[in-house]
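Chemist: Provided herewith is a single structure, encoded as structure tokens, for subsequent inquiry.
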Amino acid sequence: MPKDTSIQSVLIVGSGPIIIGQACEFDYSGSQAARSLREEGIKVILINSNPATIMTDPMMADKVYLLPLTVESIEQILEETQIDAVLPTMGGQTALNLCKEADELGVWKKYGVRMIGVDVAAIDTAEDREKFRQLMVDIGIKVAPSHVANSFLEGKEYAQEIGFPLVIRPSFTLGGTGGSFVHDKSELDEALKRGLEASPMHEVLVEKAVLGWKEFELELLRDKNDNVVIICTVENVDPMGVHTGDSITVAPAMTLSDTAFQDMRNQAMKMMRSIGNFAGGCNVQFAQNPETEELIAVEINPRVSRSSALASKATGYPIAKIAAKLAIGYSLDELKNQITRTTSAYFEPALDYVIVKMPRWNFDKFKGANDTLGLQMKSVGEVMGIGRSFTEAIQKACQSLENEAVGLGYYGKSLMKSEEIIEYIKTPKWDRIFRIKDALMQGVTIKTIVQATGIDRWFIYQIQNLCNIEKELSHYSIQDLPADLLKEAKKNGFSDEQVARILKYHCTDDEVYEKRKALGITRVYKMVDTCSAEFEAKTPYFYSTFEG
Amino acid sequence: MTNVRKPAVLVLADGYVLHGQAFGKIGTTTGEICFNTGMTGYQEVFTDPSYYGQVLIMNSVHVGNYGVKKEDIQSDTVKIKGLICRNLEDRFSRYQAEGSVEEYLLKNNIVAIEGIDTRALVAHVRTKGAMNCIISSEILDVEELKRMLAEVPDMSGLELASIVSTDKEYEVGSPDAPYKVAVMDYGVKKNILACLAERGAYLKVFPADTPAERLREFNPDGYFISNGPGDPAAMPYAVENLKKILDEEKPVFGICLGQQLLALANDIPTFKMHHGHRGLNHPVKNIISGQCEITTQNHGFGVDPDAVRSHPDIEVTHVNLNDDSIEGIRMKSKPAFSVQYHPESTPGPFDSRYLFDDFMKLIEEHKLAATAEGY
């Protein structure tokens, strides 16, 4: 069945002001959705309180309302404009909450507006941790043991029952405010008090913390016929305990066997099909016990998210664009892959490159802010590196941070001694990845670093490969630098400037550039085409790398 | 250098040459080049008997990250003839792993080459089509390799199933299981047997050259025709055998090569594909139910779509959403059906496991009907 022709006009709800945890990714998804719906001849009406967005450009929609994101504004729009349906899944949690509120007040019903893409029950299930937990138990998906506590005493009792380490999550606060980890009994009282005080209804969730488990995110699409595809699997380099928005993440997953991945895929599909009426993009997060490969579900977001924007860029698959088409009634098998234009949109992208996302923090602008990473997201942006190996991708990401890093291979010299670094990297902070590299340069063992950080050793091996190249480079001057070594450095993402600084006698990046040009070590360009070159791409985008 | 490896060369039949580093066994190997786009499950792919005779490019850029583990194998030995990768990892991370990919390739005498621009190579194969190739880490003279490569026979017309089939009959599952299934082994994957056995089938697996009369002695409730390597058109013995099996009017289920043999048994020709389907993301639509499945595929031959569609006794059940190729068929006059893809996956999605349930249901219905007739 093709699209629902009764929908002639759609209201897209934006995400409002840019704050930490909710930024331009929703401008991206909103704009994509607007374009996608207008392609279908549907009239698009936008509401957003933030004029500094692409989506509110007059070119993007048939009508743009720059109004506060409140139910009153929605009513005003509905009074003025004929709207058949509202699409709440493009503007983050803000849009979902607003649409839910309007639903509870009967606004949609009053004006005959259908909610498309998601229903209120699905929003509730995903947001209300107790409902989510109960649903997971019902469908046989494991979750971390937890209890809702409404008093200090109750909290203590549940803490005893569940055992340490724990997470205390206050109910109904934004972005993890007031939440904290409790590693042992000595920290419990204070954490409980803080959590209860932070919650407007004096309620906290006492939950078992799976610290040290690996964290994965799956980006999925589901259509009205219950067809589900996994668009992208993202692995967090940092283990559980660091907010995903503050984690260095990698796509595709680097350390998952097929057995482990299929288990995750099966569970994600089961979860997605269980949350009620839904057609569009969705995000599911899992924690995996690295020893037993046991999984627990962490959360499900029935909307496009920060991660789906990343997944779209990482795979070439336009999640928001397709999600908008699914919301108006198309099924995946009726749509074409937007990159190849000949193959089906019902498929799972295959990547022949590695994507590394690194968060960008601005602690220097927030004087006095605690720079330890945890439950609450603190980064203000992110960069993405693409390479034909993890090492190349992470180097590119580090080079893009605009913080003098010029890559992971070189970032000044740490003044800390090995023992100090080992202590330092036990706590997740913005510069941990750089300090891990310092530790490896100083000869700290992989085992020690893995124990201190909980980061999967595969990633540490890769960083060690970079250290080995850096050490090798430092033995040479630009004149006697062997061609093979220079090529290996370039293939592993070292920038010319980085090489110039590492060499025994520092030289300029121009000298490195001239040398490699003379040796024929030059960039080649590869496509992000969703399909690992299996099909011809019509509208790919490109990244540079070194081959041969 | 951080990574001192011997140089190695890859030469394709059309003269395309790439240089890389040796991995696995030092030596020379030949076979037909193909590529797999899957991002997980390399060990399952390496041990899949349908890959026998193929030199495999893994499109995914890191291979070996999680080592190897015995339970992940699909047959007892590595079946690919050679391996081509961008980055083969000698250091791995998985608590449950038993060793590295390098040790594994060495133990299985597999010649591999890494450091290859696999993306350029895949684009070449996609454009020029499947062809033979040679990898060597002992002979680096390209002209000599070209001479050696010229001696390698073409995949078209090659019968390979009997090489990877079992030598001896063997049983899987409990003799007390409710159903008995005879498995024709042309290179069957372990997980196919597991999928049948866990649904209540007691299996007897037979070598490729077993005559239909011998299968009948087992008195099976149904027959399974397995996947396998090589050109189905070079297997008239298997087609004749399948015709006799079909005459028994008992349920028959075929996978991959099994589908091609079912087509040939109905006088539908097979053909060699330009570069095949190999990966874990192939979209298939079940046109009976309307549901879609993401499937695991591994085939270089297909069944003729026009002959299938004009055949009076054959119904198309599944189609490929990318290229409209035939993915599943069933006979109208007999309880026989097949799919071109791999519902057992390993590696790959579980979306199509229902086909094993369908087979068991078909067997049960036939058993009931036969019992009713008997009274």
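Residues in the structure tokens are numbered from 1 in each chain, the chains being A, B, ... in the order shown, and ligands are numbered from 1 in the order shown.
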DSSP on the backbone: which residues in segment 112-196 of chain B end up as strand (DSSP E)? Give the answer as a list in words.

Modeler: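 Strand (DSSP E) assignments inside segment 112-196 of chain B correspond to Ala112, Ile113, Glu114, Asn132, Cys133, Ile134, Ile135, Ser136, Tyr170, Glu171, Val172, Tyr179, Lys180, Val181, Ala182, Val183 and Met184 of chain B.
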
Chemist: Compile the contact shell of Ala52 of chain A as a PyMOL selection string: residues with an atom at most 12 Å away, counting only C-alpha atoms, same-chain residues fewer than 2 positions apart removed.

Modeler: chain A and resi 14-18+23-24+27+48-50+54-57+66

Chemist: Between atom CA of Ile288 of chain B and atom CA of Gly276 of chain B, what is the spacing in Å?

Modeler: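 Taking atom CA of Gly276 of chain B as the start and atom CA of Ile288 of chain B as the end point, the length is 25.1 Å.
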
Chemist: Each residue of chain B lying at most 9 Å from chain A should get a row with its shortest atom-to-atom pair and the distance in Å to one decimal, counting only C-alpha atoms; could you produce that, ordered by chain and increasing number, as JSON lines?

Modeler:
{"residue": "B:Met1", "atom": "CA", "partner": "A:Leu485", "partner_atom": "CA", "distance": 6.6}
{"residue": "B:Thr2", "atom": "CA", "partner": "A:Asn468", "partner_atom": "CA", "distance": 6.2}
{"residue": "B:Leu18", "atom": "CA", "partner": "A:Gly548", "partner_atom": "CA", "distance": 8.0}
{"residue": "B:His19", "atom": "CA", "partner": "A:Gly548", "partner_atom": "CA", "distance": 7.2}
{"residue": "B:Gly20", "atom": "CA", "partner": "A:Gly548", "partner_atom": "CA", "distance": 7.5}
{"residue": "B:Phe35", "atom": "CA", "partner": "A:Glu534", "partner_atom": "CA", "distance": 8.7}
{"residue": "B:Thr37", "atom": "CA", "partner": "A:Ala350", "partner_atom": "CA", "distance": 6.2}
{"residue": "B:Gly38", "atom": "CA", "partner": "A:Ala350", "partner_atom": "CA", "distance": 6.7}
{"residue": "B:Met39", "atom": "CA", "partner": "A:Ala350", "partner_atom": "CA", "distance": 6.8}
{"residue": "B:Thr40", "atom": "CA", "partner": "A:Asp258", "partner_atom": "CA", "distance": 4.9}
{"residue": "B:Gly41", "atom": "CA", "partner": "A:Asp258", "partner_atom": "CA", "distance": 4.6}
{"residue": "B:Tyr42", "atom": "CA", "partner": "A:Asp258", "partner_atom": "CA", "distance": 8.2}
{"residue": "B:Glu44", "atom": "CA", "partner": "A:Asp258", "partner_atom": "CA", "distance": 8.6}
{"residue": "B:Met58", "atom": "CA", "partner": "A:Asp352", "partner_atom": "CA", "distance": 8.9}
{"residue": "B:Asn59", "atom": "CA", "partner": "A:Asp352", "partner_atom": "CA", "distance": 5.5}
{"residue": "B:Ser60", "atom": "CA", "partner": "A:Asp352", "partner_atom": "CA", "distance": 4.6}
{"residue": "B:Val61", "atom": "CA", "partner": "A:Asp352", "partner_atom": "CA", "distance": 5.5}
{"residue": "B:His62", "atom": "CA", "partner": "A:Ser389", "partner_atom": "CA", "distance": 7.0}
{"residue": "B:Asn65", "atom": "CA", "partner": "A:Thr255", "partner_atom": "CA", "distance": 5.9}
{"residue": "B:Tyr66", "atom": "CA", "partner": "A:Thr255", "partner_atom": "CA", "distance": 5.8}
{"residue": "B:Gly67", "atom": "CA", "partner": "A:Ser257", "partner_atom": "CA", "distance": 8.8}
{"residue": "B:Asp72", "atom": "CA", "partner": "A:Thr259", "partner_atom": "CA", "distance": 7.9}
{"residue": "B:Arg86", "atom": "CA", "partner": "A:Arg388", "partner_atom": "CA", "distance": 7.9}
{"residue": "B:Asn87", "atom": "CA", "partner": "A:Ser389", "partner_atom": "CA", "distance": 7.4}
{"residue": "B:Arg91", "atom": "CA", "partner": "A:Tyr461", "partner_atom": "CA", "distance": 7.3}
{"residue": "B:Phe92", "atom": "CA", "partner": "A:Trp458", "partner_atom": "CA", "distance": 6.1}
{"residue": "B:Ser93", "atom": "CA", "partner": "A:Trp458", "partner_atom": "CA", "distance": 5.4}
{"residue": "B:Arg94", "atom": "CA", "partner": "A:Thr255", "partner_atom": "CA", "distance": 7.5}
{"residue": "B:Tyr95", "atom": "CA", "partner": "A:Glu291", "partner_atom": "CA", "distance": 5.4}
{"residue": "B:Gln96", "atom": "CA", "partner": "A:Glu291", "partner_atom": "CA", "distance": 7.2}
{"residue": "B:Gly115", "atom": "CA", "partner": "A:Gly548", "partner_atom": "CA", "distance": 7.1}
{"residue": "B:Ile116", "atom": "CA", "partner": "A:Gly548", "partner_atom": "CA", "distance": 6.6}
{"residue": "B:Asp117", "atom": "CA", "partner": "A:Glu547", "partner_atom": "CA", "distance": 5.9}
{"residue": "B:Thr118", "atom": "CA", "partner": "A:Asp352", "partner_atom": "CA", "distance": 8.6}
{"residue": "B:Arg119", "atom": "CA", "partner": "A:Ala533", "partner_atom": "CA", "distance": 6.6}
{"residue": "B:Ala120", "atom": "CA", "partner": "A:Ala533", "partner_atom": "CA", "distance": 8.4}
{"residue": "B:Val122", "atom": "CA", "partner": "A:Ala533", "partner_atom": "CA", "distance": 6.5}
{"residue": "B:Ala123", "atom": "CA", "partner": "A:Ala533", "partner_atom": "CA", "distance": 5.8}
{"residue": "B:Arg126", "atom": "CA", "partner": "A:Glu534", "partner_atom": "CA", "distance": 6.6}
{"residue": "B:Gly279", "atom": "CA", "partner": "A:Ala350", "partner_atom": "CA", "distance": 8.8}
{"residue": "B:Leu280", "atom": "CA", "partner": "A:Glu348", "partner_atom": "CA", "distance": 8.3}
{"residue": "B:Asn281", "atom": "CA", "partner": "A:Glu348", "partner_atom": "CA", "distance": 5.2}
{"residue": "B:His282", "atom": "CA", "partner": "A:Phe347", "partner_atom": "CA", "distance": 6.4}
{"residue": "B:Pro283", "atom": "CA", "partner": "A:Phe347", "partner_atom": "CA", "distance": 5.4}
{"residue": "B:Val284", "atom": "CA", "partner": "A:Tyr346", "partner_atom": "CA", "distance": 8.8}
{"residue": "B:Lys285", "atom": "CA", "partner": "A:Asp333", "partner_atom": "CA", "distance": 8.0}
{"residue": "B:Gly290", "atom": "CA", "partner": "A:Asn225", "partner_atom": "CA", "distance": 8.7}
{"residue": "B:Gln291", "atom": "CA", "partner": "A:Asn227", "partner_atom": "CA", "distance": 6.9}
{"residue": "B:Cys292", "atom": "CA", "partner": "A:Asn227", "partner_atom": "CA", "distance": 6.2}
{"residue": "B:Glu293", "atom": "CA", "partner": "A:Asn227", "partner_atom": "CA", "distance": 7.8}
{"residue": "B:Ile294", "atom": "CA", "partner": "A:Phe347", "partner_atom": "CA", "distance": 6.5}
{"residue": "B:Leu321", "atom": "CA", "partner": "A:Ser344", "partner_atom": "CA", "distance": 5.8}
{"residue": "B:Asn322", "atom": "CA", "partner": "A:Thr343", "partner_atom": "CA", "distance": 4.4}
{"residue": "B:Asp323", "atom": "CA", "partner": "A:Thr343", "partner_atom": "CA", "distance": 7.1}
{"residue": "B:Thr346", "atom": "CA", "partner": "A:Asp258", "partner_atom": "CA", "distance": 7.5}
{"residue": "B:Pro347", "atom": "CA", "partner": "A:Asp258", "partner_atom": "CA", "distance": 5.9}
{"residue": "B:Gly348", "atom": "CA", "partner": "A:Gln262", "partner_atom": "CA", "distance": 6.9}
{"residue": "B:Pro349", "atom": "CA", "partner": "A:Gln262", "partner_atom": "CA", "distance": 6.2}
{"residue": "B:Phe350", "atom": "CA", "partner": "A:Asn266", "partner_atom": "CA", "distance": 7.3}
{"residue": "B:Asp351", "atom": "CA", "partner": "A:Asn266", "partner_atom": "CA", "distance": 8.7}

Chemist: For the structure I just gave you, how does DSSP split segment 419-493 of chain A - specifically, which residues are helix (DSSP H, G or I)? Reply as a PyMOL selection string.

Modeler: chain A and resi 419-424+432-441+446-453+457-473+483-491

Chemist: Have a look at atom CA of Ser174 of chain B and atom CA of Tyr202 of chain B and let me know their distance in Å, one decimal.

Modeler: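 One can read the atom CA of Ser174 of chain B to atom CA of Tyr202 of chain B distance as 5.6 Å.
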
Chemist: Identify which of the residues A:Lys313, A:Lys417, A:Lys504, A:Lys429 lies closest to Trp361 of chain A, counting only C-alpha atoms when measuring atom-to-atom distances.

Modeler: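 When distances to Trp361 of chain A are compared using only C-alpha atoms, the smallest one comes from A:Lys429.
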
Chemist: Just the number, please: distance in Å from atom CA of Gly21 of chain A to atom CA of Gln376 of chain A, one decimal.

Modeler: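 According to the coordinates, atom CA of Gly21 of chain A and atom CA of Gln376 of chain A are separated by 8.9 Å.
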
Chemist: Excluding Cys99 of chain A and residues on its chain fewer than 2 positions from it, collect all residues at most 12 Å away from it, counting only C-alpha atoms, and give them as a ChimeraX atom specification.

Modeler: /A:11-15,47,69-75,85-97,101-109,113-120,123-124

Chemist: Compile the contact shell of segment 310-318 of chain B as number ranges by chain: residues with an atom at most 10 Å away, counting only C-alpha atoms, same-chain residues fewer than 6 positions apart removed.

Modeler: B: 263, 266-268, 284-293, 324-334, 336-341

Chemist: Find the spatial neighbours of Ala393 of chain A, counting only C-alpha atoms, within a cut-off of 10 Å - ignore same-chain residues fewer than 5 positions away - and output them as a PyMOL selection string.

Modeler: chain A and resi 250+353-357+384-388+398-399+492-493+545

Chemist: Find the spatial neighbours of Met131 of chain B, counting only C-alpha atoms, within a cut-off of 10 Å - ignore same-chain residues fewer than 6 positions away - and output them as a list in words.

Modeler: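 Contacts, with the query itself left out: Leu12, Ala13, Asp14, Gly31, Glu32, Ile33, Cys34, Gln54, Val125, Asp154, Met155, His274 and His275 of chain B.
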
Chemist: Could you turn the residues from that selection into a file that holds N, CA, C and O atoms, as a PDB file, in the first residue's frame?

Modeler:
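File written: again_19.pdb
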ATOM      1  N   LEU B  12      44.548 -10.784 -11.192  1.00  0.00           N
ATOM      2  CA  LEU B  12      43.261 -11.248 -11.706  1.00  0.00           C
ATOM      3  C   LEU B  12      43.406 -11.696 -13.157  1.00  0.00           C
ATOM      4  O   LEU B  12      44.340 -11.273 -13.853  1.00  0.00           O
ATOM      5  N   ALA B  13      42.466 -12.526 -13.595  1.00  0.00           N
ATOM      6  CA  ALA B  13      42.544 -13.104 -14.950  1.00  0.00           C
ATOM      7  C   ALA B  13      42.576 -12.034 -16.038  1.00  0.00           C
ATOM      8  O   ALA B  13      43.110 -12.258 -17.118  1.00  0.00           O
ATOM      9  N   ASP B  14      42.031 -10.842 -15.754  1.00  0.00           N
ATOM     10  CA  ASP B  14      42.056  -9.799 -16.781  1.00  0.00           C
ATOM     11  C   ASP B  14      43.297  -8.912 -16.679  1.00  0.00           C
ATOM     12  O   ASP B  14      43.380  -7.876 -17.325  1.00  0.00           O
ATOM     13  N   GLY B  31      41.727 -19.373  -7.469  1.00  0.00           N
ATOM     14  CA  GLY B  31      40.295 -19.633  -7.366  1.00  0.00           C
ATOM     15  C   GLY B  31      39.532 -18.507  -8.009  1.00  0.00           C
ATOM     16  O   GLY B  31      40.130 -17.563  -8.540  1.00  0.00           O
ATOM     17  N   GLU B  32      38.202 -18.604  -7.951  1.00  0.00           N
ATOM     18  CA  GLU B  32      37.387 -17.541  -8.526  1.00  0.00           C
ATOM     19  C   GLU B  32      37.190 -16.447  -7.477  1.00  0.00           C
ATOM     20  O   GLU B  32      36.829 -16.728  -6.329  1.00  0.00           O
ATOM     21  N   ILE B  33      37.415 -15.210  -7.877  1.00  0.00           N
ATOM     22  CA  ILE B  33      37.323 -14.107  -6.923  1.00  0.00           C
ATOM     23  C   ILE B  33      35.857 -13.744  -6.681  1.00  0.00           C
ATOM     24  O   ILE B  33      35.022 -13.785  -7.589  1.00  0.00           O
ATOM     25  N   CYS B  34      35.526 -13.444  -5.415  1.00  0.00           N
ATOM     26  CA  CYS B  34      34.180 -12.989  -5.092  1.00  0.00           C
ATOM     27  C   CYS B  34      34.280 -12.087  -3.878  1.00  0.00           C
ATOM     28  O   CYS B  34      35.315 -12.039  -3.221  1.00  0.00           O
ATOM     29  N   GLN B  54      36.502 -20.627  -4.002  1.00  0.00           N
ATOM     30  CA  GLN B  54      36.448 -19.175  -4.145  1.00  0.00           C
ATOM     31  C   GLN B  54      37.585 -18.498  -3.373  1.00  0.00           C
ATOM     32  O   GLN B  54      37.940 -18.919  -2.280  1.00  0.00           O
ATOM     33  N   VAL B 125      35.592  -5.901  -9.674  1.00  0.00           N
ATOM     34  CA  VAL B 125      34.876  -7.174  -9.855  1.00  0.00           C
ATOM     35  C   VAL B 125      33.411  -6.906 -10.190  1.00  0.00           C
ATOM     36  O   VAL B 125      32.820  -7.583 -11.035  1.00  0.00           O
ATOM     37  N   ASP B 154      37.798 -22.719 -15.375  1.00  0.00           N
ATOM     38  CA  ASP B 154      36.710 -21.779 -15.141  1.00  0.00           C
ATOM     39  C   ASP B 154      35.682 -22.391 -14.184  1.00  0.00           C
ATOM     40  O   ASP B 154      35.477 -23.606 -14.189  1.00  0.00           O
ATOM     41  N   MET B 155      35.038 -21.535 -13.383  1.00  0.00           N
ATOM     42  CA  MET B 155      34.035 -22.040 -12.428  1.00  0.00           C
ATOM     43  C   MET B 155      32.818 -22.633 -13.153  1.00  0.00           C
ATOM     44  O   MET B 155      32.227 -23.606 -12.690  1.00  0.00           O
ATOM     45  N   HIS B 274      26.659 -12.511 -12.969  1.00  0.00           N
ATOM     46  CA  HIS B 274      27.785 -11.632 -13.291  1.00  0.00           C
ATOM     47  C   HIS B 274      28.811 -11.614 -12.161  1.00  0.00           C
ATOM     48  O   HIS B 274      30.000 -11.845 -12.372  1.00  0.00           O
ATOM     49  N   HIS B 275      28.373 -11.333 -10.939  1.00  0.00           N
ATOM     50  CA  HIS B 275      29.305 -11.422  -9.818  1.00  0.00           C
ATOM     51  C   HIS B 275      28.648 -11.936  -8.532  1.00  0.00           C
ATOM     52  O   HIS B 275      29.217 -11.859  -7.462  1.00  0.00           O
TER      53      HIS B 275
END

Chemist: Env of Ile421 of chain A: 12 Å cut, atoms = only C-alpha atoms, seq-sep filter 5 positions within chain, self excluded. Answer as a list in words.

Modeler: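 Neighbouring residues, sequence-local ones excluded: Ser414, Leu415, Met416, Lys426, Thr427, Asp431, Arg432, Ile433, Phe434, Arg435, Ile436, Lys437, Asp438, Ala439, Leu440, Met441, Gln442, Gly443, Val444, Thr448, Ile449, Ala452 and Thr453 of chain A.
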